[in-house]
$ cat structure_17.cif   # mmCIF, C-alpha atoms and all ligand atoms
data_final
loop_
_atom_site.label_atom_id
_atom_site.label_comp_id
_atom_site.auth_asym_id
_atom_site.auth_seq_id
_atom_site.Cartn_x
_atom_site.Cartn_y
_atom_site.Cartn_z
CA MET A 467 -76.50 9.58 -8.89
CA PHE A 468 -78.12 6.22 -9.62
CA ASN A 469 -80.76 5.89 -12.22
CA ILE A 470 -82.88 3.32 -10.44
CA ASP A 471 -85.86 3.45 -12.72
CA HIS A 472 -84.61 0.89 -15.19
CA PRO A 473 -86.70 -2.21 -15.76
CA ASP A 474 -83.72 -4.50 -15.51
CA SER A 475 -82.20 -7.44 -13.70
CA ALA A 476 -78.91 -8.52 -12.16
CA PRO A 477 -75.83 -7.87 -14.32
CA ASP A 478 -74.57 -11.41 -14.00
CA SER A 479 -77.27 -12.72 -16.23
CA ASP A 480 -75.86 -14.84 -19.02
CA ASP A 481 -77.67 -12.64 -21.46
CA ARG A 482 -74.97 -10.22 -22.35
CA ASP A 483 -76.51 -9.48 -25.70
CA GLY A 484 -77.26 -6.11 -24.39
CA ASP A 485 -80.10 -5.19 -26.64
CA VAL A 486 -82.73 -5.70 -23.98
CA ALA A 487 -82.53 -3.75 -20.75
CA MET A 488 -79.05 -2.50 -21.51
CA HIS A 489 -78.59 1.18 -21.38
CA ARG A 490 -75.90 3.44 -22.54
CA GLN A 491 -74.93 6.27 -20.23
CA GLY A 492 -71.66 7.86 -21.21
CA SER A 493 -69.37 4.93 -21.86
CA PHE A 494 -71.16 2.66 -19.37
CA PHE A 495 -73.26 -0.13 -20.86
CA GLY A 496 -75.06 -2.27 -18.39
CA ARG A 497 -77.59 -2.68 -15.69
CA ARG A 498 -77.64 -0.29 -12.79
CA LYS A 499 -80.15 -2.10 -10.67
CA GLY A 500 -81.02 -5.70 -9.91
CA HIS A 501 -83.25 -7.05 -7.17
CA LYS A 502 -85.02 -4.66 -4.83
CA LEU A 503 -82.85 -3.34 -2.01
CA ARG A 504 -83.65 -4.34 1.55
CA ALA A 505 -84.58 -1.49 3.88
CA HIS A 506 -81.14 -1.27 5.49
CA GLN A 507 -79.41 -1.36 2.11
CA ALA A 508 -81.61 1.46 0.85
CA ASP A 509 -80.77 3.37 4.01
CA LEU A 510 -77.04 2.90 3.40
CA ILE A 511 -77.40 4.16 -0.16
CA GLU A 512 -79.30 7.17 1.06
CA HIS A 513 -77.22 8.05 4.11
CA LEU A 514 -73.76 6.44 4.03
CA LEU A 515 -73.01 6.60 0.31
CA PRO A 516 -73.13 10.41 0.11
CA HIS A 517 -70.33 10.54 2.73
CA LEU A 518 -68.12 8.12 0.86
CA SER A 519 -69.00 9.04 -2.68
CA LEU A 520 -66.62 11.12 -4.76
CA ARG A 521 -68.05 14.25 -6.33
CA ILE A 522 -66.50 14.80 -9.70
CA ASP A 523 -68.48 17.87 -10.68
CA GLY A 524 -65.71 20.10 -9.32
CA PRO A 525 -61.94 19.96 -9.63
CA ALA A 526 -60.06 17.05 -8.09
CA PRO A 527 -57.81 17.76 -5.08
CA ASP A 528 -54.10 18.06 -5.84
CA SER A 529 -53.55 14.76 -4.08
CA LEU A 530 -56.16 11.99 -3.91
CA THR A 531 -54.71 10.92 -0.54
CA THR A 532 -56.58 13.84 1.05
CA LEU A 533 -59.92 12.19 0.18
CA PHE A 534 -59.55 9.59 2.91
CA ASP A 535 -60.36 9.85 6.61
CA SER A 536 -57.47 7.61 7.52
CA ALA A 537 -53.90 8.58 6.58
CA VAL A 538 -52.97 6.89 3.31
CA GLU A 539 -49.79 7.01 1.27
CA LEU A 540 -51.00 5.70 -2.09
CA VAL A 541 -54.31 5.50 -3.90
CA ARG A 542 -55.58 2.63 -6.02
CA LEU A 543 -58.69 2.23 -8.15
CA GLU A 544 -60.82 -0.86 -8.78
CA ILE A 545 -63.15 -0.59 -11.75
CA GLY A 546 -66.45 -2.49 -11.63
CA PHE A 547 -65.96 -4.11 -8.23
CA GLY A 548 -69.28 -5.99 -8.40
CA GLY A 549 -69.89 -7.62 -5.01
CA GLY A 550 -66.69 -6.00 -3.69
CA GLU A 551 -64.90 -9.19 -2.58
CA HIS A 552 -61.54 -8.19 -4.06
CA LEU A 553 -61.77 -4.51 -3.17
CA LEU A 554 -62.64 -5.23 0.47
CA ALA A 555 -59.89 -7.80 0.87
CA GLU A 556 -57.31 -5.41 -0.60
CA ALA A 557 -58.49 -2.50 1.54
CA LEU A 558 -58.27 -4.60 4.71
CA ALA A 559 -54.85 -5.98 3.75
CA HIS A 560 -53.43 -2.52 2.96
CA PRO A 561 -54.68 -0.05 5.57
CA ASN A 562 -52.16 2.61 4.50
CA THR A 563 -53.46 2.63 0.94
CA GLY A 564 -56.61 4.45 -0.11
CA PHE A 565 -58.95 2.59 -2.45
CA ILE A 566 -61.48 4.05 -4.83
CA GLY A 567 -64.12 1.62 -6.05
CA ALA A 568 -66.14 2.51 -9.14
CA GLU A 569 -69.37 0.60 -9.68
CA PRO A 570 -72.60 1.82 -11.25
CA TYR A 571 -74.54 -1.29 -10.13
CA VAL A 572 -76.60 -0.21 -7.14
CA ASN A 573 -76.87 -3.66 -5.56
CA GLY A 574 -73.07 -4.04 -5.55
CA MET A 575 -72.78 -0.61 -3.98
CA ALA A 576 -75.28 -1.56 -1.25
CA LYS A 577 -73.34 -4.73 -0.52
CA ILE A 578 -70.01 -3.01 -0.07
CA LEU A 579 -71.55 -0.24 2.02
CA ALA A 580 -72.85 -2.87 4.46
CA ARG A 581 -69.33 -4.28 4.90
CA ILE A 582 -67.74 -0.83 5.18
CA GLU A 583 -70.22 0.04 7.90
CA ALA A 584 -69.96 -3.27 9.76
CA GLU A 585 -66.15 -3.29 9.75
CA ASN A 586 -65.70 0.46 10.03
CA ILE A 587 -63.37 0.56 7.02
CA GLY A 588 -61.81 3.99 6.56
CA ASN A 589 -59.72 3.59 3.43
CA ILE A 590 -62.41 3.10 0.76
CA ARG A 591 -64.12 5.85 -1.24
CA LEU A 592 -66.75 5.05 -3.81
CA PHE A 593 -67.88 6.28 -7.18
CA ALA A 594 -71.32 5.18 -8.30
CA GLY A 595 -70.83 5.67 -12.00
CA ASP A 596 -68.76 5.13 -15.10
CA ALA A 597 -65.08 4.69 -14.25
CA SER A 598 -64.01 6.45 -17.44
CA GLU A 599 -65.52 9.68 -16.06
CA LEU A 600 -63.59 9.17 -12.86
CA LEU A 601 -60.38 8.54 -14.80
CA ALA A 602 -60.82 11.83 -16.60
CA TRP A 603 -61.23 13.62 -13.25
CA VAL A 604 -58.28 12.31 -11.23
CA PRO A 605 -55.00 14.24 -11.42
CA ALA A 606 -52.34 12.93 -13.79
CA GLY A 607 -50.09 10.37 -12.15
CA SER A 608 -52.29 10.11 -9.05
CA LEU A 609 -53.02 6.36 -9.00
CA ALA A 610 -50.62 3.64 -7.93
CA ARG A 611 -52.66 0.84 -9.46
CA ILE A 612 -55.83 0.19 -11.42
CA ASP A 613 -57.59 -3.19 -11.26
CA LEU A 614 -60.18 -4.33 -13.81
CA ILE A 615 -61.43 -7.76 -12.77
CA HIS A 616 -63.81 -9.80 -14.90
CA PRO A 617 -65.17 -6.83 -16.82
CA ASP A 618 -68.33 -7.36 -18.84
CA PRO A 619 -66.92 -9.32 -21.79
CA TRP A 620 -69.25 -8.28 -24.63
CA PRO A 621 -68.29 -11.34 -26.70
CA LYS A 622 -70.20 -10.45 -29.86
CA ARG A 623 -68.21 -8.56 -32.42
CA ARG A 624 -70.83 -5.86 -32.82
CA HIS A 625 -70.57 -5.18 -29.06
CA TRP A 626 -66.78 -5.02 -28.78
CA LYS A 627 -67.00 -1.25 -28.79
CA ARG A 628 -68.77 -1.53 -25.44
CA ARG A 629 -65.81 -3.19 -23.74
CA PHE A 630 -64.19 -1.06 -21.08
CA VAL A 631 -60.74 -1.52 -22.61
CA GLN A 632 -60.51 0.78 -25.63
CA ASP A 633 -57.68 2.96 -26.92
CA ALA A 634 -59.29 5.95 -25.20
CA THR A 635 -59.61 4.28 -21.78
CA VAL A 636 -56.11 2.84 -22.03
CA SER A 637 -54.76 6.31 -22.68
CA ALA A 638 -56.86 7.68 -19.78
CA MET A 639 -55.35 5.02 -17.52
CA ALA A 640 -51.86 5.89 -18.75
CA ARG A 641 -52.50 9.49 -17.76
CA ALA A 642 -53.92 8.60 -14.35
CA LEU A 643 -51.24 6.11 -13.31
CA ALA A 644 -48.04 7.16 -11.59
CA PRO A 645 -44.72 6.06 -13.12
CA HIS A 646 -44.25 2.36 -12.29
CA GLY A 647 -47.92 2.14 -11.39
CA GLU A 648 -49.77 -0.94 -12.59
CA PHE A 649 -52.85 -1.81 -14.56
CA ARG A 650 -54.05 -5.32 -13.66
CA PHE A 651 -56.64 -7.12 -15.73
CA VAL A 652 -58.40 -10.43 -15.10
CA SER A 653 -60.79 -12.17 -17.46
CA ASP A 654 -61.95 -15.70 -18.15
CA ILE A 655 -62.89 -14.75 -21.71
CA ASP A 656 -59.99 -15.55 -24.05
CA GLY A 657 -61.11 -13.07 -26.67
CA TYR A 658 -61.11 -10.24 -24.14
CA ASN A 659 -57.67 -11.22 -22.83
CA ALA A 660 -56.24 -11.12 -26.34
CA TRP A 661 -58.07 -7.84 -26.98
CA THR A 662 -56.61 -6.25 -23.83
CA LEU A 663 -53.14 -7.50 -24.57
CA ALA A 664 -53.30 -6.08 -28.10
CA HIS A 665 -54.54 -2.70 -26.86
CA LEU A 666 -51.93 -2.43 -24.11
CA LEU A 667 -49.04 -3.62 -26.27
CA ARG A 668 -49.73 -0.98 -28.88
CA ALA A 669 -50.29 1.78 -26.31
CA PRO A 670 -47.32 3.97 -25.54
CA GLY A 671 -46.28 3.93 -21.91
CA PHE A 672 -47.12 0.38 -20.83
CA ASP A 673 -44.97 -2.69 -20.44
CA TRP A 674 -46.47 -6.18 -20.07
CA LEU A 675 -44.87 -7.69 -16.96
CA ALA A 676 -45.14 -11.37 -17.94
CA GLU A 677 -41.89 -13.30 -18.19
CA ARG A 678 -43.25 -16.85 -18.20
CA ALA A 679 -46.65 -18.42 -18.81
CA ASP A 680 -47.43 -18.80 -15.13
CA ASP A 681 -47.23 -15.01 -14.82
CA TRP A 682 -50.51 -14.73 -16.70
CA ARG A 683 -52.07 -18.15 -16.13
CA LYS A 684 -51.98 -17.94 -12.35
CA PRO A 685 -53.30 -15.23 -10.07
CA TRP A 686 -50.72 -13.04 -8.39
CA PRO A 687 -49.96 -13.73 -4.73
CA ASN A 688 -52.80 -12.95 -2.30
CA TYR A 689 -55.31 -12.50 -5.11
CA THR A 690 -58.88 -12.64 -3.81
CA MET A 691 -61.22 -14.55 -6.09
CA THR A 692 -64.41 -12.70 -6.98
CA ARG A 693 -67.91 -13.94 -7.58
CA TYR A 694 -67.37 -13.89 -11.34
CA GLY A 695 -64.07 -15.72 -10.94
CA ARG A 696 -65.80 -18.50 -9.01
CA LYS A 697 -68.57 -18.66 -11.59
CA ALA A 698 -65.98 -19.04 -14.38
CA GLU A 699 -64.23 -21.85 -12.48
CA ARG A 700 -67.52 -23.68 -11.91
CA GLU A 701 -68.19 -23.45 -15.61
CA GLY A 702 -64.71 -24.70 -16.50
CA ARG A 703 -63.19 -21.44 -17.78
CA ARG A 704 -59.70 -20.46 -16.61
CA ALA A 705 -58.96 -16.83 -16.08
CA ASN A 706 -55.87 -15.00 -17.26
CA TYR A 707 -54.14 -12.46 -15.05
CA LEU A 708 -52.44 -9.66 -16.98
CA ARG A 709 -50.19 -7.08 -15.33
CA PHE A 710 -48.91 -3.99 -17.11
CA GLU A 711 -46.47 -1.44 -15.74
CA ARG A 712 -46.79 2.24 -16.49
CA LEU A 713 -43.38 3.27 -17.74
C1 LIG B 1 -68.96 -9.03 -14.88
S1 LIG B 1 -69.14 -7.93 -13.54
C2 LIG B 1 -67.72 -8.34 -12.54
C3 LIG B 1 -67.82 -7.84 -11.14
C4 LIG B 1 -66.61 -8.14 -10.25
N1 LIG B 1 -65.42 -7.44 -10.69
C5 LIG B 1 -66.35 -9.63 -10.16
O1 LIG B 1 -65.29 -10.06 -10.67
O2 LIG B 1 -67.17 -10.35 -9.59
C6 LIG B 1 -68.62 -6.38 -14.27
C7 LIG B 1 -68.96 -5.18 -13.42
O3 LIG B 1 -68.43 -4.02 -14.04
C8 LIG B 1 -69.35 -2.96 -13.85
N2 LIG B 1 -69.09 -1.97 -14.91
C9 LIG B 1 -69.39 -2.06 -16.22
N3 LIG B 1 -69.02 -0.96 -16.89
C10 LIG B 1 -68.45 -0.14 -15.96
C11 LIG B 1 -67.88 1.16 -16.05
N4 LIG B 1 -67.84 1.85 -17.20
N5 LIG B 1 -67.40 1.71 -14.91
C12 LIG B 1 -67.43 1.02 -13.73
N6 LIG B 1 -67.97 -0.21 -13.61
C13 LIG B 1 -68.47 -0.78 -14.71
C14 LIG B 1 -70.71 -3.63 -13.94
O4 LIG B 1 -71.72 -2.87 -13.31
C15 LIG B 1 -70.46 -4.95 -13.25
O5 LIG B 1 -70.77 -4.91 -11.88
#
$ encode --input "structure_17.cif" --output "structure tokens"
Amino acid sequence: MFNIDHPDSAPDSDDRDGDVAMHRQGSFFGRRKGHKLRAHQADLIEHLLPHLSLRIDGPAPDSLTTLFDSAVELVRLEIGFGGGEHLLAEALAHPNTGFIGAEPYVNGMAKILARIEAENIGNIRLFAGDASELLAWVPAGSLARIDLIHPDPWPKRRHWKRRFVQDATVSAMARALAPHGEFRFVSDIDGYNAWTLAHLLRAPGFDWLAERADDWRKPWPNYTMTRYGRKAEREGRRANYLRFERL
């Protein structure tokens, strides 16, 4: 599951150059491990994660709703949930929706497991790896919404190919989303916002939902700010909030 042997540090380091301590595994580029886990966190990874973790080495069920202990009507995916602030808030606010969180970063996984355990949350399942593998596994039209919030920006031109948003992942999301499902994207990096807009506008099957500037300059109602969102605000960068509908 996790490769925890990397000599690496937390993924929120400002060094996103990626040449040192960055590893490619499939289409994931990044750090899988930061500071050492505390004993209880390690215990959660060892004992709770296997119960909540999706196994994608076999076929997916016909309906993803069957993956959840509690009865859910819809299933949503959050890619790269980091510390899990947004994912947890959404899961608590929407108990009849199932949430899948994909995050290869072991410390983020440990953090969310602690909250799931403490609050006995039944509508979150986890995937400790590259979300593009998960997207390839889920049945067509099975997701009501996909959120990608402050993805690693890879600002240098030679690293753009590492960005999560690529023609291939956009087409994988188009396959996975149900009609009228949504892809929501948040970034404080202007170049990545423009990149995502360009990719989604040229992709068949998506419609950008913005009608006025405030639709993309302001978060949508009840949006939960994440750690990276707060960091951007502290550093004077304003995020954009892009919503695309699957036609
Ligand atoms: C900049 S952090 C943002 C975390 C969180 N969304 C936030 O806003 O605070 C990006 C996260 O995406 C994760 N990530 C990068 N590539 C990924 C991939 N292919 N699949 C799933 N998660 C990925 C990283 O491990 C990292 O935790």
$ residues_around --input "structure_17.cif" --residues "Thr531 (chain A)" --least-positions-apart "6" --cutoff "9 Å" --atoms "all atoms listed in the file" --output "ChimeraX atom specification"
/A:537-541,563-564,608
$ write_last_selection --input "structure_17.cif" --atoms "C-alpha atoms" --output "PDB file, in the frame of the given file"
ATOM      1  CA  ALA A 537     -53.900   8.580   6.580  1.00  0.00           C
ATOM      2  CA  VAL A 538     -52.970   6.890   3.310  1.00  0.00           C
ATOM      3  CA  GLU A 539     -49.790   7.010   1.270  1.00  0.00           C
ATOM      4  CA  LEU A 540     -51.000   5.700  -2.090  1.00  0.00           C
ATOM      5  CA  VAL A 541     -54.310   5.500  -3.900  1.00  0.00           C
ATOM      6  CA  THR A 563     -53.460   2.630   0.940  1.00  0.00           C
ATOM      7  CA  GLY A 564     -56.610   4.450  -0.110  1.00  0.00           C
ATOM      8  CA  SER A 608     -52.290  10.110  -9.050  1.00  0.00           C
TER       9      SER A 608
END
$ residues_around --input "structure_17.cif" --residues "Arg703 (chain A)" --least-positions-apart "6" --cutoff "9 Å" --atoms "all atoms listed in the file" --output "PDB file with C-alpha atoms, in the frame of the given file"
ATOM      1  CA  ASP A 654     -61.950 -15.700 -18.150  1.00  0.00           C
ATOM      2  CA  ILE A 655     -62.890 -14.750 -21.710  1.00  0.00           C
ATOM      3  CA  GLY A 695     -64.070 -15.720 -10.940  1.00  0.00           C
ATOM      4  CA  LYS A 697     -68.570 -18.660 -11.590  1.00  0.00           C
TER       5      LYS A 697
END
$ closest_atom_pairs --input "structure_17.cif" --of "chain A" --to "ligand LIG 1 (chain B)" --cutoff "9 Å" --atoms "only C-alpha atoms and all ligand atoms" --output "CSV"
residue,atom,partner,partner_atom,distance
A:Ala476,CA,B:LIG1,O5,8.9
A:Pro477,CA,B:LIG1,C15,6.2
A:Asp478,CA,B:LIG1,C1,6.2
A:Gln491,CA,B:LIG1,N4,8.9
A:Gly492,CA,B:LIG1,N4,8.2
A:Ser493,CA,B:LIG1,N4,5.8
A:Phe494,CA,B:LIG1,N4,4.0
A:Phe495,CA,B:LIG1,N3,5.9
A:Gly496,CA,B:LIG1,C9,6.1
A:Arg497,CA,B:LIG1,O4,6.3
A:Arg498,CA,B:LIG1,O4,6.5
A:Lys499,CA,B:LIG1,O4,8.9
A:Glu544,CA,B:LIG1,N1,8.3
A:Ile545,CA,B:LIG1,C12,5.0
A:Gly546,CA,B:LIG1,N6,3.4
A:Phe547,CA,B:LIG1,N1,4.2
A:Gly548,CA,B:LIG1,C3,3.6
A:Gly549,CA,B:LIG1,O2,6.0
A:Gly550,CA,B:LIG1,C4,6.9
A:Glu551,CA,B:LIG1,O2,7.5
A:His552,CA,B:LIG1,N1,7.7
A:Leu553,CA,B:LIG1,N1,8.9
A:Gly567,CA,B:LIG1,C12,8.4
A:Ala568,CA,B:LIG1,C12,5.0
A:Glu569,CA,B:LIG1,N6,4.2
A:Pro570,CA,B:LIG1,O4,5.2
A:Tyr571,CA,B:LIG1,O4,4.5
A:Val572,CA,B:LIG1,O4,8.3
A:Asn573,CA,B:LIG1,O5,8.9
A:Gly574,CA,B:LIG1,O5,6.8
A:Phe593,CA,B:LIG1,C12,8.4
A:Ala594,CA,B:LIG1,C12,7.9
A:Gly595,CA,B:LIG1,N5,6.0
A:Asp596,CA,B:LIG1,N5,3.7
A:Ala597,CA,B:LIG1,N5,3.8
A:Ser598,CA,B:LIG1,N4,6.0
A:Glu599,CA,B:LIG1,N4,8.2
A:Leu600,CA,B:LIG1,N5,8.6
A:Asp613,CA,B:LIG1,N1,8.9
A:Leu614,CA,B:LIG1,N1,6.8
A:Ile615,CA,B:LIG1,N1,4.5
A:His616,CA,B:LIG1,O1,4.5
A:Pro617,CA,B:LIG1,C6,4.3
A:Asp618,CA,B:LIG1,C1,4.3
A:Pro619,CA,B:LIG1,C1,7.2
A:Arg628,CA,B:LIG1,N3,8.6
A:Arg629,CA,B:LIG1,N3,7.9
A:Phe630,CA,B:LIG1,N4,6.1
A:Val652,CA,B:LIG1,O1,8.2
A:Ser653,CA,B:LIG1,O1,8.4
A:Met691,CA,B:LIG1,O1,7.6
A:Thr692,CA,B:LIG1,O2,4.5
A:Arg693,CA,B:LIG1,O2,4.2
A:Tyr694,CA,B:LIG1,O2,4.0
A:Gly695,CA,B:LIG1,O1,5.8
A:Arg696,CA,B:LIG1,O2,8.3
A:Lys697,CA,B:LIG1,O2,8.7
$ atom_distance --input "structure_17.cif" --atom1 "CA of Leu609 (chain A)" --atom2 "CA of Trp661 (chain A)"
23.5 Å
$ residues_around --input "structure_17.cif" --residues "region 526-529 of chain A" --least-positions-apart "4" --cutoff "8 Å" --atoms "all atoms listed in the file" --output "list in words"
Ile522, Leu533, Trp603, Val604, Pro605 and Ser608 of chain A
$ write_last_selection --input "structure_17.cif" --atoms "C-alpha atoms" --output "CSV table (one decimal), in the coordinates of the input"
chain,number,residue,atom,x,y,z
A,522,ILE,CA,-66.5,14.8,-9.7
A,533,LEU,CA,-59.9,12.2,0.2
A,603,TRP,CA,-61.2,13.6,-13.2
A,604,VAL,CA,-58.3,12.3,-11.2
A,605,PRO,CA,-55.0,14.2,-11.4
A,608,SER,CA,-52.3,10.1,-9.0
$ closest_residue --input "structure_17.cif" --among "A:Asp535, A:Asp633, A:Asp509, A:Glu556" --to "Asn688 (chain A)" --atoms "all atoms listed in the file"
A:Glu556
$ atom_distance --input "structure_17.cif" --atom1 "CA of Asn562 (chain A)" --atom2 "CA of Glu585 (chain A)"
16.1 Å
$ closest_residue --input "structure_17.cif" --among "A:Arg709, A:Ala557, A:Ala638, A:Glu701" --to "Leu675 (chain A)" --atoms "all atoms listed in the file"
A:Arg709
$ closest_residue --input "structure_17.cif" --among "A:Gly702, A:Ala576, A:Ile587, A:His517" --to "His501 (chain A)" --atoms "only C-alpha atoms"
A:Ala576
$ atom_distance --input "structure_17.cif" --atom1 "CA of Leu520 (chain A)" --atom2 "CA of Arg591 (chain A)"
6.8 Å
$ closest_residue --input "structure_17.cif" --among "A:Leu592, A:Asp680, A:Leu643, A:Ala555" --to "Arg521 (chain A)" --atoms "all atoms listed in the file"
A:Leu592
$ closest_residue --input "structure_17.cif" --among "A:Arg678, A:Arg650, A:Arg641, A:Arg581" --to "Leu601 (chain A)" --atoms "only C-alpha atoms"
A:Arg641
$ closest_residue --input "structure_17.cif" --among "A:His665, A:His646, A:Arg683, A:His506" --to "Arg611 (chain A)" --atoms "all atoms listed in the file"
A:His646
$ residues_around --input "structure_17.cif" --residues "Ile511 (chain A)" --least-positions-apart "3" --cutoff "9 Å" --atoms "only C-alpha atoms" --output "PyMOL selection string"
chain A and resi 506-508+514-516+572+575-576+579
